[in-house]
$ cat target.tsv   # TSV, C-alpha atoms
chain	number	residue	atom	x	y	z
A	1	MET	CA	0.00	0.00	0.00
A	2	SER	CA	0.98	3.59	-0.51
A	3	VAL	CA	1.17	5.88	2.54
A	4	THR	CA	2.20	9.47	3.13
A	5	ILE	CA	4.76	9.94	5.88
A	6	LEU	CA	5.30	13.32	7.52
A	7	TYR	CA	8.28	14.30	9.68
A	8	PHE	CA	8.42	17.23	12.07
A	9	ALA	CA	11.02	19.15	14.08
A	10	TRP	CA	14.37	17.33	14.49
A	11	LEU	CA	13.08	14.22	12.73
A	12	ARG	CA	12.41	16.36	9.67
A	13	GLU	CA	15.89	17.86	9.93
A	14	ARG	CA	17.69	14.53	10.42
A	15	ILE	CA	15.86	12.82	7.58
A	16	GLY	CA	16.09	15.88	5.40
A	17	LEU	CA	12.55	16.11	4.11
A	18	PRO	CA	9.13	17.07	5.49
A	19	ARG	CA	7.07	14.41	3.73
A	20	GLU	CA	7.29	11.50	1.36
A	21	THR	CA	5.08	8.83	-0.11
A	22	VAL	CA	6.26	5.25	0.35
A	23	GLU	CA	5.12	1.82	-0.73
A	24	THR	CA	5.09	-0.49	2.24
A	25	GLY	CA	3.90	-3.93	3.25
A	26	ALA	CA	4.30	-3.12	6.96
A	27	ALA	CA	1.42	-4.28	9.14
A	28	THR	CA	2.24	-2.00	12.08
A	29	VAL	CA	3.98	1.28	12.80
A	30	ALA	CA	6.89	-0.66	14.33
A	31	GLU	CA	7.32	-2.66	11.13
A	32	LEU	CA	7.27	0.51	9.06
A	33	VAL	CA	9.97	2.01	11.32
A	34	GLU	CA	12.10	-1.11	10.77
A	35	GLU	CA	11.72	-0.72	7.00
A	36	LEU	CA	12.71	2.95	7.18
A	37	ARG	CA	15.71	2.21	9.43
A	38	GLY	CA	16.97	-0.26	6.85
A	39	ARG	CA	16.82	2.26	4.01
A	40	GLU	CA	19.60	4.70	4.84
A	41	GLU	CA	21.78	5.85	7.71
A	42	ARG	CA	19.83	9.12	8.17
A	43	TYR	CA	16.65	7.13	8.89
A	44	ALA	CA	18.51	4.81	11.26
A	45	LEU	CA	19.81	7.86	13.13
A	46	ALA	CA	16.42	9.56	13.26
A	47	PHE	CA	14.75	6.43	14.63
A	48	ALA	CA	17.64	5.35	16.89
A	49	ASP	CA	15.73	6.04	20.12
A	50	LEU	CA	12.00	5.44	19.80
A	51	LYS	CA	11.40	6.71	23.34
A	52	ALA	CA	12.06	10.16	21.83
A	53	VAL	CA	9.60	9.68	18.95
A	54	ARG	CA	5.83	10.02	18.87
A	55	VAL	CA	3.54	8.85	16.07
A	56	ALA	CA	0.17	10.00	14.75
A	57	LEU	CA	-2.02	7.98	12.37
A	58	ASP	CA	-4.38	10.07	10.25
A	59	GLN	CA	-3.76	12.99	12.64
A	60	GLU	CA	-4.58	11.10	15.87
A	61	LEU	CA	-1.87	10.25	18.42
A	62	SER	CA	-1.15	6.55	18.34
A	63	ASP	CA	1.61	4.09	19.27
A	64	PHE	CA	4.15	1.82	17.65
A	65	ASP	CA	2.06	-1.34	18.04
A	66	ALA	CA	-0.85	0.15	16.10
A	67	PRO	CA	-1.91	-1.53	12.82
A	68	LEU	CA	-1.59	0.42	9.57
A	69	THR	CA	-4.72	-1.04	7.98
A	70	GLY	CA	-6.57	1.73	6.18
A	71	VAL	CA	-4.16	4.42	7.37
A	72	ARG	CA	-3.28	7.07	4.80
A	73	GLU	CA	-1.14	9.55	6.71
A	74	ILE	CA	1.56	8.69	9.25
A	75	ALA	CA	3.45	11.39	11.13
A	76	PHE	CA	6.59	11.03	13.22
A	77	PHE	CA	7.71	13.76	15.60
A	78	PRO	CA	9.37	14.42	18.97
A	79	PRO	CA	7.36	14.95	22.17
A	80	MET	CA	5.32	18.12	21.79
A	81	THR	CA	6.39	21.44	23.29
A	82	GLY	CA	3.54	23.88	22.76
A	83	GLY	CA	2.11	26.43	25.16
B	1	MET	CA	-15.98	28.39	21.40
B	2	ALA	CA	-12.99	29.13	19.27
B	3	ILE	CA	-9.73	27.58	18.17
B	4	ARG	CA	-7.33	29.86	16.30
B	5	VAL	CA	-3.95	28.81	14.92
B	6	GLN	CA	-2.09	31.63	13.20
B	7	ALA	CA	1.33	33.03	12.35
B	8	GLU	CA	0.30	36.64	12.96
B	9	PRO	CA	0.94	38.38	16.29
B	10	PHE	CA	-2.14	39.10	18.39
B	11	ASP	CA	-3.06	41.84	20.84
B	12	TYR	CA	-3.56	40.05	24.15
B	13	GLY	CA	-5.41	42.95	25.76
B	14	ALA	CA	-7.77	43.37	22.84
B	15	GLU	CA	-8.41	39.62	22.74
B	16	CYS	CA	-9.21	39.56	26.46
B	17	ASN	CA	-11.64	42.47	26.15
B	18	ALA	CA	-13.35	40.98	23.12
B	19	PHE	CA	-13.67	37.64	24.90
B	20	ALA	CA	-15.11	39.21	28.07
B	21	ALA	CA	-17.58	41.23	26.01
B	22	ALA	CA	-19.02	38.13	24.32
B	23	CYS	CA	-18.87	35.34	26.86
B	24	GLY	CA	-22.50	34.46	27.19
B	25	GLY	CA	-23.50	35.96	30.53
B	26	ALA	CA	-20.63	34.52	32.51
B	27	GLY	CA	-19.68	35.94	35.89
B	28	ALA	CA	-16.04	34.91	35.62
B	29	VAL	CA	-13.37	35.10	32.95
B	30	VAL	CA	-9.89	33.59	33.32
B	31	THR	CA	-7.17	34.28	30.76
B	32	PHE	CA	-3.58	33.09	30.39
B	33	CYS	CA	-0.90	34.26	27.96
B	34	GLY	CA	2.42	32.53	27.19
B	35	LEU	CA	5.34	34.79	26.17
B	36	VAL	CA	8.68	34.13	24.48
B	37	ARG	CA	11.38	34.26	27.18
B	38	ASP	CA	14.75	35.89	26.60
B	39	GLU	CA	16.54	33.85	29.33
B	40	ASP	CA	18.50	36.89	30.57
B	41	GLY	CA	19.41	37.94	27.05
B	42	ARG	CA	20.67	34.53	25.93
B	43	LEU	CA	17.81	33.96	23.48
B	44	SER	CA	17.30	36.09	20.40
B	45	GLY	CA	14.15	34.40	19.13
B	46	MET	CA	12.01	31.34	18.74
B	47	GLU	CA	10.35	29.49	15.91
B	48	ILE	CA	7.36	27.23	16.37
B	49	GLU	CA	6.59	24.43	13.95
B	50	HIS	CA	3.22	22.69	13.93
B	51	TYR	CA	1.25	20.00	12.13
B	52	PRO	CA	-1.48	21.77	10.14
B	53	GLY	CA	-4.70	19.82	10.37
B	54	MET	CA	-3.77	17.75	13.40
B	55	THR	CA	-3.12	20.91	15.42
B	56	GLU	CA	-6.67	22.14	14.96
B	57	ARG	CA	-8.13	18.69	15.65
B	58	ALA	CA	-6.07	18.22	18.81
B	59	LEU	CA	-6.96	21.65	20.17
B	60	ALA	CA	-10.66	21.12	19.40
B	61	ALA	CA	-10.56	17.76	21.22
B	62	ILE	CA	-8.88	19.33	24.26
B	63	GLU	CA	-11.42	22.13	24.32
B	64	ALA	CA	-14.31	19.67	23.98
B	65	GLU	CA	-12.93	17.68	26.92
B	66	ALA	CA	-12.77	20.84	29.02
B	67	ARG	CA	-16.37	21.68	28.14
B	68	ALA	CA	-17.44	18.16	29.11
B	69	ARG	CA	-15.78	18.50	32.52
B	70	TRP	CA	-16.77	22.06	33.44
B	71	SER	CA	-19.71	24.27	32.71
B	72	LEU	CA	-18.19	26.91	30.45
B	73	THR	CA	-20.15	29.61	28.69
B	74	GLU	CA	-17.21	30.31	26.34
B	75	ALA	CA	-13.64	29.20	25.68
B	76	LEU	CA	-10.81	30.29	23.41
B	77	ILE	CA	-7.49	28.72	22.48
B	78	LEU	CA	-5.23	30.89	20.30
B	79	HIS	CA	-1.76	29.60	19.38
B	80	ARG	CA	0.83	31.06	17.02
B	81	HIS	CA	3.40	29.33	14.84
B	82	GLY	CA	6.40	30.62	12.88
B	83	PRO	CA	9.15	33.00	14.01
B	84	MET	CA	8.77	35.30	17.02
B	85	GLN	CA	10.87	37.57	19.21
B	86	PRO	CA	11.44	37.58	22.99
B	87	GLY	CA	8.54	39.27	24.73
B	88	GLU	CA	6.02	38.42	22.04
B	89	ALA	CA	2.86	36.52	22.93
B	90	ILE	CA	3.00	32.89	21.78
B	91	MET	CA	-0.46	31.76	22.78
B	92	MET	CA	-3.40	32.40	25.05
B	93	VAL	CA	-6.35	30.59	26.53
B	94	ALA	CA	-9.53	32.15	27.90
B	95	THR	CA	-12.39	30.50	29.74
B	96	ALA	CA	-15.69	31.87	31.01
B	97	SER	CA	-18.14	30.39	33.50
B	98	ARG	CA	-20.82	31.49	35.96
B	99	HIS	CA	-18.39	31.34	38.90
B	100	ARG	CA	-14.61	31.57	38.98
B	101	GLY	CA	-13.75	28.03	40.11
B	102	GLU	CA	-14.75	26.37	36.88
B	103	ALA	CA	-13.04	28.97	34.70
B	104	PHE	CA	-9.78	28.67	36.67
B	105	ALA	CA	-9.77	24.87	36.57
B	106	ALA	CA	-10.66	24.71	32.88
B	107	ALA	CA	-7.92	27.21	31.95
B	108	GLU	CA	-5.30	25.13	33.78
B	109	PHE	CA	-6.59	21.96	32.16
B	110	LEU	CA	-6.40	23.52	28.68
B	111	MET	CA	-2.82	24.65	29.32
B	112	ASP	CA	-1.67	21.31	30.73
B	113	TYR	CA	-3.12	19.37	27.83
B	114	LEU	CA	-2.09	21.61	25.00
B	115	LYS	CA	1.55	21.62	26.21
B	116	SER	CA	1.82	17.85	25.82
B	117	ARG	CA	-0.92	16.87	23.39
B	118	ALA	CA	-1.06	19.53	20.67
B	119	PRO	CA	1.53	19.13	17.88
B	120	PHE	CA	3.69	22.21	18.33
B	121	TRP	CA	7.49	22.18	18.56
B	122	LYS	CA	9.62	25.10	19.73
B	123	LYS	CA	13.09	25.87	18.46
B	124	GLU	CA	15.15	28.50	20.27
B	125	PHE	CA	17.76	30.73	18.69
B	126	GLY	CA	20.55	32.42	20.64
B	127	ALA	CA	24.25	33.11	21.00
B	128	GLY	CA	24.90	29.38	21.27
B	129	GLY	CA	23.15	28.57	18.00
B	130	GLU	CA	19.76	26.92	17.63
B	131	ALA	CA	18.19	24.07	19.55
B	132	TRP	CA	14.85	22.29	19.73
B	133	VAL	CA	13.25	22.67	23.13
B	134	ALA	CA	13.07	19.33	24.94
B	135	ALA	CA	9.77	18.24	26.43
B	136	ARG	CA	9.81	18.36	30.22
B	137	ASP	CA	8.80	15.31	32.23
B	138	ALA	CA	7.11	17.73	34.61
B	139	ASP	CA	4.73	18.80	31.83
B	140	GLU	CA	3.70	15.20	31.18
B	141	ASP	CA	3.32	14.62	34.94
B	142	GLN	CA	0.92	17.57	35.14
B	143	LEU	CA	-1.64	15.58	33.13
B	144	LYS	CA	-1.96	13.01	35.91
B	145	ARG	CA	-3.77	15.45	38.17
B	146	TRP	CA	-6.75	15.57	35.85

$ encode --input "target.tsv" --output "structure tokens"
Amino acid sequence: MSVTILYFAWLRERIGLPRETVETGAATVAELVEELRGREERYALAFADLKAVRVALDQELSDFDAPLTGVREIAFFPPMTGG
Amino acid sequence: MAIRVQAEPFDYGAECNAFAAACGGAGAVVTFCGLVRDEDGRLSGMEIEHYPGMTERALAAIEAEARARWSLTEALILHRHGPMQPGEAIMMVATASRHRGEAFAAAEFLMDYLKSRAPFWKKEFGAGGEAWVAARDADEDQLKRW
């Protein structure tokens, strides 16, 4: 399936792009992260410590165990610092 | 009820007066404003990134939760993104209720939740270069009191 991945803050900077569309067979967020880590060093570095990464599926906060079935937009970002 | 996400500066005083003038017969209004710090001159500015679309959804969900918990006649969350200077207003919340207790509690709840659950990220600029602001464990801990 084809999904849009968005990156924010230092994840965007480390990976070097704000969004991309990827073809993936990953069943869960964790599997997608493994695929991305295997692509290039910059992805491996960005996803080195998942405790420092949050994920949203179709603009709702989620977690790494969540299934990707039917998901169109996946966003990775650091813990939020608004206010 | 209003959610506003914008790059433009806002006039905190004017926003407070406009809110108080149209808050549905409330007897109490509580407002809070967050400002860019200068950390004793060490910071020259800040830039806030956000996730358009999710930001508005997250803020609307937080506001809806506040309205479910307290009896509010009106509420406002206004948050900026983009570059800003020390001393500038970053964001504000306003709540209105019949009596002050509910407005105070709801304003604190809105602040606690939007700090950790709305997709904004701050980057600070200063003499030492630029750095993303790290989330504070204390901010996450604040959510446990609700």

$ interface_residues --input "target.tsv" --of "chain B" --to "chain A" --cutoff "8 Å" --atoms "all atoms listed in the file" --output "PDB file with C-alpha atoms, keeping the file's coordinate frame"
ATOM      1  CA  GLY B  34       2.420  32.530  27.190  1.00  0.00           C
ATOM      2  CA  GLU B  49       6.590  24.430  13.950  1.00  0.00           C
ATOM      3  CA  HIS B  50       3.220  22.690  13.930  1.00  0.00           C
ATOM      4  CA  TYR B  51       1.250  20.000  12.130  1.00  0.00           C
ATOM      5  CA  GLY B  53      -4.700  19.820  10.370  1.00  0.00           C
ATOM      6  CA  MET B  54      -3.770  17.750  13.400  1.00  0.00           C
ATOM      7  CA  ARG B  57      -8.130  18.690  15.650  1.00  0.00           C
ATOM      8  CA  ALA B  58      -6.070  18.220  18.810  1.00  0.00           C
ATOM      9  CA  HIS B  79      -1.760  29.600  19.380  1.00  0.00           C
ATOM     10  CA  ILE B  90       3.000  32.890  21.780  1.00  0.00           C
ATOM     11  CA  MET B  91      -0.460  31.760  22.780  1.00  0.00           C
ATOM     12  CA  MET B 111      -2.820  24.650  29.320  1.00  0.00           C
ATOM     13  CA  LEU B 114      -2.090  21.610  25.000  1.00  0.00           C
ATOM     14  CA  LYS B 115       1.550  21.620  26.210  1.00  0.00           C
ATOM     15  CA  SER B 116       1.820  17.850  25.820  1.00  0.00           C
ATOM     16  CA  ARG B 117      -0.920  16.870  23.390  1.00  0.00           C
ATOM     17  CA  ALA B 118      -1.060  19.530  20.670  1.00  0.00           C
ATOM     18  CA  PRO B 119       1.530  19.130  17.880  1.00  0.00           C
ATOM     19  CA  PHE B 120       3.690  22.210  18.330  1.00  0.00           C
ATOM     20  CA  TRP B 121       7.490  22.180  18.560  1.00  0.00           C
ATOM     21  CA  LYS B 122       9.620  25.100  19.730  1.00  0.00           C
ATOM     22  CA  TRP B 132      14.850  22.290  19.730  1.00  0.00           C
ATOM     23  CA  VAL B 133      13.250  22.670  23.130  1.00  0.00           C
ATOM     24  CA  ALA B 134      13.070  19.330  24.940  1.00  0.00           C
ATOM     25  CA  ALA B 135       9.770  18.240  26.430  1.00  0.00           C
TER      26      ALA B 135
END

$ residues_around --input "target.tsv" --residues "region 28-32 of chain A" --least-positions-apart "3" --cutoff "12 Å" --atoms "all atoms listed in the file" --output "PyMOL selection string"
chain A and resi 1-5+22-25+35-39+43+47+50+53-57+62-71+73-76

$ atom_distance --input "target.tsv" --atom1 "CA of Ala106 (chain B)" --atom2 "CA of Ile48 (chain B)"
24.6 Å

$ closest_residue --input "target.tsv" --among "B:Glu74, B:Asp112, B:Asp11, B:Glu63" --to "Arg145 (chain B)" --atoms "only C-alpha atoms"
B:Asp112

$ atom_distance --input "target.tsv" --atom1 "CA of Asp49 (chain A)" --atom2 "CA of Thr21 (chain A)"
23.0 Å

$ closest_residue --input "target.tsv" --among "B:Ala96, B:Ile77, B:Ala68, B:Pro9" --to "Ala21 (chain B)" --atoms "only C-alpha atoms"
B:Ala96

$ atom_distance --input "target.tsv" --atom1 "CA of Gly129 (chain B)" --atom2 "CA of Ala48 (chain A)"
23.9 Å

$ closest_residue --input "target.tsv" --among "B:Ala2, B:Pro86, B:Glu140, B:Arg100" --to "Ser71 (chain B)" --atoms "all atoms listed in the file"
B:Arg100

$ residues_around --input "target.tsv" --residues "Asp38 (chain B)" --least-positions-apart "2" --cutoff "12 Å" --atoms "all atoms listed in the file" --output "MDAnalysis selection string"
chainID B and resid 35:36 40:46 84:88 124:127

$ closest_residue --input "target.tsv" --among "B:Val5, B:Phe109, B:Met92, B:Gln142" --to "Leu76 (chain B)" --atoms "only C-alpha atoms"
B:Met92
